[in-house]
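Scroll down for the structure; my scribbles are underneath it.
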Amino acid sequence: MQETIIFNGTIIGEGQRVECEVRATKTTLDGDPPLFSGYSIVESDVTDGLPDGNYDLLVNHERTRFSRDGGRFQSRPY
């Protein structure tokens with residue numbers, strides 16, 4: 001079963017540290033612990049003020065790398 005979950009997260013980078021909301025997909029299979037994937041940053045007034053650059057997203061005890069280009073967040077490889 002899959003469902004969309006909203007988490008609180010922290011964006012760090014480019015001299016900034018801001019709290020944000022993060023959307024993820026929670027997948028639950030019988031007998032297995034849930035798996036969270038497909039993290040995306042929910043755009044808000046707070047995130048709109050961030051400059052383009054490279055960021056780390058801390059959420060759900062994981063670190064994910066994002067870049068901001070043209071005012072949009074995109075995941076980037078490690």
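Following the order of the structure tokens, chains are lettered A, B, ..., residues in each are numbered from 1, and ligands are numbered from 1.
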Report as a PDB file with all heavy atoms, in the first residue's frame: the residues of chain A with a DSSP assignment of alpha helix (DSSP H), based on the backbone of this structure.
```
ATOM      1  N   ASP A  45       6.328  30.286   1.644  1.00  0.00           N
ATOM      2  CA  ASP A  45       6.930  31.621   1.735  1.00  0.00           C
ATOM      3  C   ASP A  45       8.362  31.530   2.248  1.00  0.00           C
ATOM      4  O   ASP A  45       9.221  32.292   1.827  1.00  0.00           O
ATOM      5  CB  ASP A  45       6.113  32.522   2.663  1.00  0.00           C
ATOM      6  CG  ASP A  45       4.769  32.903   2.057  1.00  0.00           C
ATOM      7  OD1 ASP A  45       4.606  32.768   0.824  1.00  0.00           O
ATOM      8  OD2 ASP A  45       3.877  33.323   2.813  1.00  0.00           O
ATOM      9  N   VAL A  46       8.622  30.583   3.151  1.00  0.00           N
ATOM     10  CA  VAL A  46       9.971  30.420   3.713  1.00  0.00           C
ATOM     11  C   VAL A  46      10.940  29.929   2.646  1.00  0.00           C
ATOM     12  O   VAL A  46      12.028  30.475   2.482  1.00  0.00           O
ATOM     13  CB  VAL A  46       9.946  29.440   4.915  1.00  0.00           C
ATOM     14  CG1 VAL A  46      11.348  29.145   5.399  1.00  0.00           C
ATOM     15  CG2 VAL A  46       9.096  29.996   6.041  1.00  0.00           C
ATOM     16  N   THR A  47      10.561  28.907   1.893  1.00  0.00           N
ATOM     17  CA  THR A  47      11.475  28.357   0.883  1.00  0.00           C
ATOM     18  C   THR A  47      11.617  29.299  -0.316  1.00  0.00           C
ATOM     19  O   THR A  47      12.652  29.299  -0.969  1.00  0.00           O
ATOM     20  CB  THR A  47      11.030  26.967   0.401  1.00  0.00           C
ATOM     21  OG1 THR A  47       9.741  27.059  -0.207  1.00  0.00           O
ATOM     22  CG2 THR A  47      10.996  25.972   1.551  1.00  0.00           C
ATOM     23  N   ASP A  48      10.600  30.104  -0.599  1.00  0.00           N
ATOM     24  CA  ASP A  48      10.677  31.044  -1.726  1.00  0.00           C
ATOM     25  C   ASP A  48      11.807  32.052  -1.556  1.00  0.00           C
ATOM     26  O   ASP A  48      12.340  32.552  -2.530  1.00  0.00           O
ATOM     27  CB  ASP A  48       9.354  31.800  -1.901  1.00  0.00           C
ATOM     28  CG  ASP A  48       8.263  30.928  -2.501  1.00  0.00           C
ATOM     29  OD1 ASP A  48       8.571  29.828  -2.995  1.00  0.00           O
ATOM     30  OD2 ASP A  48       7.091  31.352  -2.447  1.00  0.00           O
TER      31      ASP A  48
END
```
Determine, counting only C-alpha atoms, which protein, DNA and RNA residues have an atom within 12 Å of an atom of Gly70 of chain A; residues of the same chain fewer than 6 positions away are not included. Present the result as a VMD selection string.
chain A and resid 48 to 53
Just the strand (DSSP E) stuff from chain A, please, per backbone DSSP, written as a ChimeraX atom specification.
/A:2-13,16-27,35-41,53-59,62-69,72-75
Near Arg63 of chain A, counting only C-alpha atoms, which residues have an atom at most 10 Å away, once you skip same-chain residues fewer than 5 positions from it, shown as a list in words?
Gly9, Thr10, Ile11, Asp56, Leu57 and Leu58 of chain A
Could you save those same residues with C-alpha atoms as a PDB file, in the first residue's frame?
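Saved the output as part.pdb:
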```pdb
ATOM      1  CA  GLY A   9      12.250  18.854   7.741  1.00  0.00           C
ATOM      2  CA  THR A  10      15.204  21.222   7.815  1.00  0.00           C
ATOM      3  CA  ILE A  11      16.905  22.715   4.769  1.00  0.00           C
ATOM      4  CA  ASP A  56      20.860  19.301   2.247  1.00  0.00           C
ATOM      5  CA  LEU A  57      17.436  18.272   3.490  1.00  0.00           C
ATOM      6  CA  LEU A  58      17.288  16.624   6.903  1.00  0.00           C
TER       7      LEU A  58
END
```
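The space separating atom CA of Leu29 of chain A from atom CA of Ile5 of chain A comes to 16.0 Å.
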For a test of reading the model, state the distance in Å between atom CA of Thr28 of chain A and atom CA of Pro77 of chain A, rounded to one decimal.
25.3 Å
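Residues in contact with Phe73 of chain A at up to 9 Å, not including ones fewer than 6 positions away on its chain and judged by only C-alpha atoms, are Ser40, Ile41, Glu43, Asp52, Phe66 and Ser67 of chain A.
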Interatomic distance (Å, one decimal) between atom CA of Met1 of chain A and atom CA of Thr27 of chain A
5.6 Å
